[in-house]
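J.: To be precise about what I am sending: the file is called model-v8.cif and holds mmCIF, N, CA and C atoms.
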```
data_coords
#
loop_
_atom_site.group_PDB
_atom_site.id
_atom_site.type_symbol
_atom_site.label_atom_id
_atom_site.label_comp_id
_atom_site.auth_asym_id
_atom_site.auth_seq_id
_atom_site.Cartn_x
_atom_site.Cartn_y
_atom_site.Cartn_z
ATOM 1 N N MET A 127 171.032 114.248 146.567
ATOM 2 C CA MET A 127 170.867 112.855 146.913
ATOM 3 C C MET A 127 170.544 112.053 145.651
ATOM 4 N N LEU A 128 171.215 110.939 145.468
ATOM 5 C CA LEU A 128 171.022 110.066 144.316
ATOM 6 C C LEU A 128 169.717 109.304 144.448
ATOM 7 N N MET A 129 168.928 109.305 143.386
ATOM 8 C CA MET A 129 167.686 108.537 143.400
ATOM 9 C C MET A 129 167.990 107.092 143.025
ATOM 10 N N SER A 130 167.152 106.185 143.478
ATOM 11 C CA SER A 130 167.323 104.776 143.134
ATOM 12 C C SER A 130 167.191 104.594 141.632
ATOM 13 N N GLN A 131 167.973 103.665 141.091
ATOM 14 C CA GLN A 131 167.935 103.356 139.671
ATOM 15 C C GLN A 131 167.801 101.850 139.512
ATOM 16 N N THR A 132 167.144 101.429 138.447
ATOM 17 C CA THR A 132 167.055 100.018 138.123
ATOM 18 C C THR A 132 167.816 99.788 136.832
ATOM 19 N N LEU A 133 168.753 98.858 136.839
ATOM 20 C CA LEU A 133 169.565 98.541 135.677
ATOM 21 C C LEU A 133 169.443 97.060 135.377
ATOM 22 N N GLU A 134 169.446 96.710 134.092
ATOM 23 C CA GLU A 134 169.407 95.302 133.723
ATOM 24 C C GLU A 134 170.818 94.731 133.767
ATOM 25 N N ALA A 135 170.915 93.496 134.216
ATOM 26 C CA ALA A 135 172.205 92.827 134.312
ATOM 27 C C ALA A 135 172.006 91.344 134.017
ATOM 28 N N VAL A 136 173.109 90.670 133.743
ATOM 29 C CA VAL A 136 173.112 89.225 133.566
ATOM 30 C C VAL A 136 174.068 88.657 134.602
ATOM 31 N N ILE A 137 173.652 87.590 135.256
ATOM 32 C CA ILE A 137 174.495 86.910 136.233
ATOM 33 C C ILE A 137 174.899 85.570 135.635
ATOM 34 N N ASP A 138 176.213 85.327 135.520
ATOM 35 C CA ASP A 138 176.657 84.064 134.930
ATOM 36 C C ASP A 138 176.635 82.954 135.978
ATOM 37 N N ARG A 139 176.984 81.754 135.553
ATOM 38 C CA ARG A 139 176.907 80.577 136.433
ATOM 39 C C ARG A 139 177.800 80.694 137.659
ATOM 40 N N GLU A 140 178.893 81.461 137.557
ATOM 41 C CA GLU A 140 179.803 81.641 138.694
ATOM 42 C C GLU A 140 179.341 82.764 139.620
ATOM 43 N N GLY A 141 178.255 83.441 139.261
ATOM 44 C CA GLY A 141 177.734 84.518 140.092
ATOM 45 C C GLY A 141 178.256 85.900 139.743
ATOM 46 N N LYS A 142 179.021 86.018 138.666
ATOM 47 C CA LYS A 142 179.539 87.318 138.260
ATOM 48 C C LYS A 142 178.412 88.146 137.635
ATOM 49 N N VAL A 143 178.215 89.343 138.147
ATOM 50 C CA VAL A 143 177.156 90.234 137.669
ATOM 51 C C VAL A 143 177.739 91.172 136.621
ATOM 52 N N GLN A 144 177.085 91.242 135.470
ATOM 53 C CA GLN A 144 177.530 92.137 134.395
ATOM 54 C C GLN A 144 176.372 93.060 134.032
ATOM 55 N N LEU A 145 176.549 94.350 134.239
ATOM 56 C CA LEU A 145 175.527 95.316 133.838
ATOM 57 C C LEU A 145 175.474 95.391 132.317
ATOM 58 N N LEU A 146 174.276 95.591 131.761
ATOM 59 C CA LEU A 146 174.127 95.683 130.313
ATOM 60 C C LEU A 146 174.320 97.105 129.806
ATOM 61 N N GLU A 147 174.513 98.035 130.707
ATOM 62 C CA GLU A 147 174.833 99.408 130.328
ATOM 63 C C GLU A 147 175.822 99.959 131.345
ATOM 64 N N SER A 148 176.592 100.931 130.935
ATOM 65 C CA SER A 148 177.578 101.488 131.862
ATOM 66 C C SER A 148 176.906 102.509 132.773
ATOM 67 N N ILE A 149 177.493 102.686 133.922
ATOM 68 C CA ILE A 149 176.985 103.654 134.894
ATOM 69 C C ILE A 149 178.184 104.278 135.601
ATOM 70 N N ARG A 150 178.090 105.551 135.888
ATOM 71 C CA ARG A 150 179.149 106.243 136.633
ATOM 72 C C ARG A 150 178.537 106.777 137.921
ATOM 73 N N LEU A 151 179.223 106.516 138.994
ATOM 74 C CA LEU A 151 178.775 106.981 140.302
ATOM 75 C C LEU A 151 179.869 107.837 140.922
ATOM 76 N N ALA A 152 179.460 108.825 141.677
ATOM 77 C CA ALA A 152 180.433 109.689 142.337
ATOM 78 C C ALA A 152 181.211 108.932 143.411
ATOM 79 N N GLU A 153 180.571 107.925 144.006
ATOM 80 C CA GLU A 153 181.213 107.106 145.023
ATOM 81 C C GLU A 153 180.543 105.735 145.049
ATOM 82 N N ALA A 154 181.140 104.802 145.745
ATOM 83 C CA ALA A 154 180.591 103.446 145.827
ATOM 84 C C ALA A 154 179.193 103.473 146.443
ATOM 85 N N ARG A 155 178.337 102.596 145.974
ATOM 86 C CA ARG A 155 176.972 102.493 146.471
ATOM 87 C C ARG A 155 176.606 101.038 146.714
ATOM 88 N N ARG A 156 175.691 100.813 147.628
ATOM 89 C CA ARG A 156 175.141 99.475 147.838
ATOM 90 C C ARG A 156 174.158 99.186 146.703
ATOM 91 N N ALA A 157 173.902 97.911 146.455
ATOM 92 C CA ALA A 157 172.932 97.527 145.437
ATOM 93 C C ALA A 157 172.171 96.300 145.917
ATOM 94 N N LEU A 158 170.952 96.190 145.491
ATOM 95 C CA LEU A 158 170.148 95.008 145.742
ATOM 96 C C LEU A 158 170.030 94.250 144.431
ATOM 97 N N VAL A 159 170.098 92.935 144.486
ATOM 98 C CA VAL A 159 170.003 92.122 143.275
ATOM 99 C C VAL A 159 168.771 91.242 143.392
ATOM 100 N N THR A 160 167.896 91.319 142.400
ATOM 101 C CA THR A 160 166.728 90.452 142.318
ATOM 102 C C THR A 160 166.970 89.485 141.175
ATOM 103 N N ILE A 161 166.990 88.207 141.461
ATOM 104 C CA ILE A 161 167.232 87.210 140.420
ATOM 105 C C ILE A 161 165.886 86.785 139.854
ATOM 106 N N LEU A 162 165.699 87.012 138.567
ATOM 107 C CA LEU A 162 164.447 86.677 137.891
ATOM 108 C C LEU A 162 164.434 85.209 137.501
ATOM 109 N N ASP A 163 163.257 84.681 137.289
ATOM 110 C CA ASP A 163 163.096 83.263 136.974
ATOM 111 C C ASP A 163 163.112 83.006 135.464
ATOM 112 N N ASP A 164 163.821 83.815 134.714
ATOM 113 C CA ASP A 164 163.920 83.587 133.274
ATOM 114 C C ASP A 164 165.355 83.800 132.805
ATOM 115 N N SER A 165 165.661 83.235 131.663
ATOM 116 C CA SER A 165 166.995 83.355 131.084
ATOM 117 C C SER A 165 167.136 84.718 130.414
ATOM 118 N N PRO A 166 168.380 85.161 130.219
ATOM 119 C CA PRO A 166 168.586 86.417 129.501
ATOM 120 C C PRO A 166 168.038 86.306 128.079
ATOM 121 N N THR A 167 167.556 87.419 127.552
ATOM 122 C CA THR A 167 167.086 87.439 126.170
ATOM 123 C C THR A 167 168.283 87.381 125.235
ATOM 124 N N ASP A 168 168.044 86.983 124.005
ATOM 125 C CA ASP A 168 169.124 86.954 123.020
ATOM 126 C C ASP A 168 169.744 88.332 122.871
ATOM 127 N N GLU A 169 168.913 89.371 122.912
ATOM 128 C CA GLU A 169 169.400 90.736 122.746
ATOM 129 C C GLU A 169 170.330 91.143 123.879
ATOM 130 N N SER A 170 169.964 90.829 125.128
ATOM 131 C CA SER A 170 170.815 91.215 126.254
ATOM 132 C C SER A 170 172.103 90.408 126.262
ATOM 133 N N THR A 171 172.029 89.134 125.868
ATOM 134 C CA THR A 171 173.228 88.303 125.791
ATOM 135 C C THR A 171 174.165 88.828 124.708
ATOM 136 N N LEU A 172 173.607 89.233 123.574
ATOM 137 C CA LEU A 172 174.408 89.777 122.481
ATOM 138 C C LEU A 172 175.087 91.077 122.912
ATOM 139 N N GLU A 173 174.341 91.956 123.565
ATOM 140 C CA GLU A 173 174.906 93.228 124.044
ATOM 141 C C GLU A 173 176.040 92.982 125.028
ATOM 142 N N LEU A 174 175.844 92.038 125.931
ATOM 143 C CA LEU A 174 176.879 91.700 126.908
ATOM 144 C C LEU A 174 178.123 91.166 126.207
ATOM 145 N N GLY A 175 177.925 90.346 125.186
ATOM 146 C CA GLY A 175 179.055 89.825 124.414
ATOM 147 C C GLY A 175 179.840 90.939 123.742
ATOM 148 N N TYR A 176 179.129 91.912 123.166
ATOM 149 C CA TYR A 176 179.810 93.050 122.536
ATOM 150 C C TYR A 176 180.618 93.831 123.565
ATOM 151 N N GLN A 177 180.047 94.026 124.744
ATOM 152 C CA GLN A 177 180.758 94.754 125.791
ATOM 153 C C GLN A 177 182.023 94.015 126.210
ATOM 154 N N GLN A 178 181.914 92.709 126.366
ATOM 155 C CA GLN A 178 183.081 91.923 126.763
ATOM 156 C C GLN A 178 184.157 91.956 125.684
ATOM 157 N N MET A 179 183.748 91.878 124.412
ATOM 158 C CA MET A 179 184.724 91.951 123.318
ATOM 159 C C MET A 179 185.423 93.304 123.299
ATOM 160 N N ALA A 180 184.681 94.369 123.545
ATOM 161 C CA ALA A 180 185.263 95.710 123.528
ATOM 162 C C ALA A 180 186.291 95.885 124.642
ATOM 163 N N LEU A 181 186.123 95.184 125.743
ATOM 164 C CA LEU A 181 187.070 95.277 126.854
ATOM 165 C C LEU A 181 188.358 94.508 126.585
ATOM 166 N N ASP A 182 188.322 93.603 125.624
ATOM 167 C CA ASP A 182 189.497 92.802 125.275
ATOM 168 C C ASP A 182 190.323 93.599 124.265
ATOM 169 N N GLU A 183 191.205 94.455 124.776
ATOM 170 C CA GLU A 183 191.950 95.385 123.927
ATOM 171 C C GLU A 183 192.848 94.665 122.914
ATOM 172 N N GLU A 184 193.448 93.556 123.294
ATOM 173 C CA GLU A 184 194.322 92.834 122.375
ATOM 174 C C GLU A 184 193.527 92.305 121.180
ATOM 175 N N SER A 185 192.388 91.697 121.445
ATOM 176 C CA SER A 185 191.559 91.182 120.350
ATOM 177 C C SER A 185 191.021 92.314 119.494
ATOM 178 N N GLU A 186 190.652 93.432 120.126
ATOM 179 C CA GLU A 186 190.170 94.583 119.373
ATOM 180 C C GLU A 186 191.257 95.112 118.434
ATOM 181 N N ALA A 187 192.499 95.172 118.918
ATOM 182 C CA ALA A 187 193.612 95.640 118.091
ATOM 183 C C ALA A 187 193.849 94.690 116.924
ATOM 184 N N GLU A 188 193.778 93.379 117.172
ATOM 185 C CA GLU A 188 193.948 92.391 116.103
ATOM 186 C C GLU A 188 192.831 92.508 115.071
ATOM 187 N N ALA A 189 191.602 92.695 115.529
ATOM 188 C CA ALA A 189 190.464 92.822 114.616
ATOM 189 C C ALA A 189 190.610 94.072 113.750
ATOM 190 N N LEU A 190 191.041 95.164 114.344
ATOM 191 C CA LEU A 190 191.240 96.402 113.591
ATOM 192 C C LEU A 190 192.348 96.227 112.558
ATOM 193 N N GLU A 191 193.433 95.595 112.947
ATOM 194 C CA GLU A 191 194.540 95.340 112.026
ATOM 195 C C GLU A 191 194.070 94.483 110.845
ATOM 196 N N TRP A 192 193.290 93.430 111.136
ATOM 197 C CA TRP A 192 192.772 92.557 110.089
ATOM 198 C C TRP A 192 191.844 93.328 109.156
ATOM 199 N N ALA A 193 190.950 94.152 109.728
ATOM 200 C CA ALA A 193 189.999 94.914 108.916
ATOM 201 C C ALA A 193 190.727 95.896 108.005
ATOM 202 N N GLU A 194 191.733 96.572 108.535
ATOM 203 C CA GLU A 194 192.489 97.531 107.724
ATOM 204 C C GLU A 194 193.248 96.823 106.609
ATOM 205 N N ALA A 195 193.788 95.635 106.879
ATOM 206 C CA ALA A 195 194.494 94.870 105.849
ATOM 207 C C ALA A 195 193.532 94.414 104.766
ATOM 208 N N THR A 196 192.336 94.015 105.176
ATOM 209 C CA THR A 196 191.328 93.582 104.205
ATOM 210 C C THR A 196 190.903 94.734 103.313
ATOM 211 N N ILE A 197 190.718 95.900 103.894
ATOM 212 C CA ILE A 197 190.336 97.072 103.111
ATOM 213 C C ILE A 197 191.442 97.384 102.107
ATOM 214 N N GLY A 198 192.695 97.257 102.526
ATOM 215 C CA GLY A 198 193.820 97.477 101.614
ATOM 216 C C GLY A 198 193.812 96.496 100.467
ATOM 217 N N ASP A 199 193.511 95.221 100.729
ATOM 218 C CA ASP A 199 193.447 94.208 99.676
ATOM 219 C C ASP A 199 192.372 94.554 98.654
ATOM 220 N N VAL A 200 191.221 94.967 99.124
ATOM 221 C CA VAL A 200 190.115 95.291 98.221
ATOM 222 C C VAL A 200 190.447 96.528 97.411
ATOM 223 N N ALA A 201 191.094 97.505 98.022
ATOM 224 C CA ALA A 201 191.454 98.741 97.324
ATOM 225 C C ALA A 201 192.456 98.475 96.217
ATOM 226 N N ASP A 202 193.298 97.427 96.383
ATOM 227 C CA ASP A 202 194.313 97.120 95.384
ATOM 228 C C ASP A 202 193.782 96.322 94.198
ATOM 229 N N GLU A 203 192.580 95.760 94.292
ATOM 230 C CA GLU A 203 192.038 94.942 93.207
ATOM 231 C C GLU A 203 191.658 95.807 92.006
ATOM 232 N N PRO A 204 191.929 95.302 90.785
ATOM 233 C CA PRO A 204 191.517 96.059 89.604
ATOM 234 C C PRO A 204 189.990 96.091 89.487
ATOM 235 N N ARG A 205 189.486 97.163 88.909
ATOM 236 C CA ARG A 205 188.037 97.293 88.758
ATOM 237 C C ARG A 205 187.602 96.990 87.373
#
```
Please express the file's structure as structure tokens.

T.:
Amino acid sequence: MLMSQTLEAVIDREGKVQLLESIRLAEARRALVTILDDSPTDESTLELGYQQMALDEESEAEALEWAEATIGDVADEPR
């Protein structure tokens, strides 16, 4: 039997819930949501932003391509 777990999440203005860490479940589960009376911390907002960027595969591919090209430019410079 699965024990109850508490996970931190951020709820945006449209009501979309985003967990700040990934979780894997063997099957779908019900969840209770408690809305706190404070804004997300800078750290949790930053983590959520990183997660959202990582899910954007096209942007990730472009960023990797740019980084590799930049490394090539630096490697070609005379020392």

J.: Determine which residues of chain A receive a DSSP assignment of alpha helix (DSSP H), computed from the backbone, and state them as a CSV table (one decimal) with N, CA and C atoms, in the coordinates of the input.

T.:
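Printed below is result.csv as written:
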```csv
chain,number,residue,atom,x,y,z
A,168,ASP,N,168.0,87.0,124.0
A,168,ASP,CA,169.1,87.0,123.0
A,168,ASP,C,169.7,88.3,122.9
A,169,GLU,N,168.9,89.4,122.9
A,169,GLU,CA,169.4,90.7,122.7
A,169,GLU,C,170.3,91.1,123.9
A,170,SER,N,170.0,90.8,125.1
A,170,SER,CA,170.8,91.2,126.3
A,170,SER,C,172.1,90.4,126.3
A,171,THR,N,172.0,89.1,125.9
A,171,THR,CA,173.2,88.3,125.8
A,171,THR,C,174.2,88.8,124.7
A,172,LEU,N,173.6,89.2,123.6
A,172,LEU,CA,174.4,89.8,122.5
A,172,LEU,C,175.1,91.1,122.9
A,173,GLU,N,174.3,92.0,123.6
A,173,GLU,CA,174.9,93.2,124.0
A,173,GLU,C,176.0,93.0,125.0
A,174,LEU,N,175.8,92.0,125.9
A,174,LEU,CA,176.9,91.7,126.9
A,174,LEU,C,178.1,91.2,126.2
A,175,GLY,N,177.9,90.3,125.2
A,175,GLY,CA,179.1,89.8,124.4
A,175,GLY,C,179.8,90.9,123.7
A,176,TYR,N,179.1,91.9,123.2
A,176,TYR,CA,179.8,93.0,122.5
A,176,TYR,C,180.6,93.8,123.6
A,177,GLN,N,180.0,94.0,124.7
A,177,GLN,CA,180.8,94.8,125.8
A,177,GLN,C,182.0,94.0,126.2
A,178,GLN,N,181.9,92.7,126.4
A,178,GLN,CA,183.1,91.9,126.8
A,178,GLN,C,184.2,92.0,125.7
A,179,MET,N,183.7,91.9,124.4
A,179,MET,CA,184.7,92.0,123.3
A,179,MET,C,185.4,93.3,123.3
A,180,ALA,N,184.7,94.4,123.5
A,180,ALA,CA,185.3,95.7,123.5
A,180,ALA,C,186.3,95.9,124.6
A,181,LEU,N,186.1,95.2,125.7
A,181,LEU,CA,187.1,95.3,126.9
A,181,LEU,C,188.4,94.5,126.6
A,183,GLU,N,191.2,94.5,124.8
A,183,GLU,CA,192.0,95.4,123.9
A,183,GLU,C,192.8,94.7,122.9
A,184,GLU,N,193.4,93.6,123.3
A,184,GLU,CA,194.3,92.8,122.4
A,184,GLU,C,193.5,92.3,121.2
A,185,SER,N,192.4,91.7,121.4
A,185,SER,CA,191.6,91.2,120.4
A,185,SER,C,191.0,92.3,119.5
A,186,GLU,N,190.7,93.4,120.1
A,186,GLU,CA,190.2,94.6,119.4
A,186,GLU,C,191.3,95.1,118.4
A,187,ALA,N,192.5,95.2,118.9
A,187,ALA,CA,193.6,95.6,118.1
A,187,ALA,C,193.8,94.7,116.9
A,188,GLU,N,193.8,93.4,117.2
A,188,GLU,CA,193.9,92.4,116.1
A,188,GLU,C,192.8,92.5,115.1
A,189,ALA,N,191.6,92.7,115.5
A,189,ALA,CA,190.5,92.8,114.6
A,189,ALA,C,190.6,94.1,113.8
A,190,LEU,N,191.0,95.2,114.3
A,190,LEU,CA,191.2,96.4,113.6
A,190,LEU,C,192.3,96.2,112.6
A,191,GLU,N,193.4,95.6,112.9
A,191,GLU,CA,194.5,95.3,112.0
A,191,GLU,C,194.1,94.5,110.8
A,192,TRP,N,193.3,93.4,111.1
A,192,TRP,CA,192.8,92.6,110.1
A,192,TRP,C,191.8,93.3,109.2
A,193,ALA,N,191.0,94.2,109.7
A,193,ALA,CA,190.0,94.9,108.9
A,193,ALA,C,190.7,95.9,108.0
A,194,GLU,N,191.7,96.6,108.5
A,194,GLU,CA,192.5,97.5,107.7
A,194,GLU,C,193.2,96.8,106.6
A,195,ALA,N,193.8,95.6,106.9
A,195,ALA,CA,194.5,94.9,105.8
A,195,ALA,C,193.5,94.4,104.8
A,196,THR,N,192.3,94.0,105.2
A,196,THR,CA,191.3,93.6,104.2
A,196,THR,C,190.9,94.7,103.3
A,197,ILE,N,190.7,95.9,103.9
A,197,ILE,CA,190.3,97.1,103.1
A,197,ILE,C,191.4,97.4,102.1
A,198,GLY,N,192.7,97.3,102.5
A,198,GLY,CA,193.8,97.5,101.6
A,198,GLY,C,193.8,96.5,100.5
A,199,ASP,N,193.5,95.2,100.7
A,199,ASP,CA,193.4,94.2,99.7
A,199,ASP,C,192.4,94.6,98.7
A,200,VAL,N,191.2,95.0,99.1
A,200,VAL,CA,190.1,95.3,98.2
A,200,VAL,C,190.4,96.5,97.4
A,201,ALA,N,191.1,97.5,98.0
A,201,ALA,CA,191.5,98.7,97.3
A,201,ALA,C,192.5,98.5,96.2
A,202,ASP,N,193.3,97.4,96.4
A,202,ASP,CA,194.3,97.1,95.4
A,202,ASP,C,193.8,96.3,94.2
```

J.: Quote the spacing between atom N of A:Met129 and atom CA of A:Ala152 in Å to one decimal place.

T.: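 Answer for the atom N of A:Met129 to atom CA of A:Ala152 separation: 11.6 Å.
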
J.: Do you have the atom CA of A:Glu134-atom CA of A:Glu147 distance handy?

T.: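 Pair atom CA of A:Glu134 / atom CA of A:Glu147 returns 7.6 Å.
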
J.: Go ahead and compute the interatomic distance for atom N of A:Glu191 and atom N of A:Tyr176, in Å to one decimal.

T.: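 These atoms are spaced 18.0 Å apart.
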
J.: Taking (173.1, 93.5, 132.7) in the file's coordinates, which residues come within 8 Å, counting only C-alpha atoms, written as a PDB file with N, CA and C atoms, in the coordinates of the input?

T.:
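Wrote selection.pdb, looks like this:
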```pdb
ATOM      1  N   LEU A 133     168.753  98.858 136.839  1.00  0.00           N
ATOM      2  CA  LEU A 133     169.565  98.541 135.677  1.00  0.00           C
ATOM      3  C   LEU A 133     169.443  97.060 135.377  1.00  0.00           C
ATOM      4  N   GLU A 134     169.446  96.710 134.092  1.00  0.00           N
ATOM      5  CA  GLU A 134     169.407  95.302 133.723  1.00  0.00           C
ATOM      6  C   GLU A 134     170.818  94.731 133.767  1.00  0.00           C
ATOM      7  N   ALA A 135     170.915  93.496 134.216  1.00  0.00           N
ATOM      8  CA  ALA A 135     172.205  92.827 134.312  1.00  0.00           C
ATOM      9  C   ALA A 135     172.006  91.344 134.017  1.00  0.00           C
ATOM     10  N   VAL A 136     173.109  90.670 133.743  1.00  0.00           N
ATOM     11  CA  VAL A 136     173.112  89.225 133.566  1.00  0.00           C
ATOM     12  C   VAL A 136     174.068  88.657 134.602  1.00  0.00           C
ATOM     13  N   ILE A 137     173.652  87.590 135.256  1.00  0.00           N
ATOM     14  CA  ILE A 137     174.495  86.910 136.233  1.00  0.00           C
ATOM     15  C   ILE A 137     174.899  85.570 135.635  1.00  0.00           C
ATOM     16  N   VAL A 143     178.215  89.343 138.147  1.00  0.00           N
ATOM     17  CA  VAL A 143     177.156  90.234 137.669  1.00  0.00           C
ATOM     18  C   VAL A 143     177.739  91.172 136.621  1.00  0.00           C
ATOM     19  N   GLN A 144     177.085  91.242 135.470  1.00  0.00           N
ATOM     20  CA  GLN A 144     177.530  92.137 134.395  1.00  0.00           C
ATOM     21  C   GLN A 144     176.372  93.060 134.032  1.00  0.00           C
ATOM     22  N   LEU A 145     176.549  94.350 134.239  1.00  0.00           N
ATOM     23  CA  LEU A 145     175.527  95.316 133.838  1.00  0.00           C
ATOM     24  C   LEU A 145     175.474  95.391 132.317  1.00  0.00           C
ATOM     25  N   LEU A 146     174.276  95.591 131.761  1.00  0.00           N
ATOM     26  CA  LEU A 146     174.127  95.683 130.313  1.00  0.00           C
ATOM     27  C   LEU A 146     174.320  97.105 129.806  1.00  0.00           C
ATOM     28  N   GLU A 147     174.513  98.035 130.707  1.00  0.00           N
ATOM     29  CA  GLU A 147     174.833  99.408 130.328  1.00  0.00           C
ATOM     30  C   GLU A 147     175.822  99.959 131.345  1.00  0.00           C
ATOM     31  N   SER A 170     169.964  90.829 125.128  1.00  0.00           N
ATOM     32  CA  SER A 170     170.815  91.215 126.254  1.00  0.00           C
ATOM     33  C   SER A 170     172.103  90.408 126.262  1.00  0.00           C
ATOM     34  N   LEU A 174     175.844  92.038 125.931  1.00  0.00           N
ATOM     35  CA  LEU A 174     176.879  91.700 126.908  1.00  0.00           C
ATOM     36  C   LEU A 174     178.123  91.166 126.207  1.00  0.00           C
TER      37      LEU A 174
END
```

J.: Residues of chain A in strand (DSSP E or B) according to DSSP, as a list of chain:residue names?

T.: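 Taking chain A and keeping strand (DSSP E or B) only, one gets A:Ala135, A:Val136, A:Ile137, A:Val143, A:Gln144, A:Leu145.
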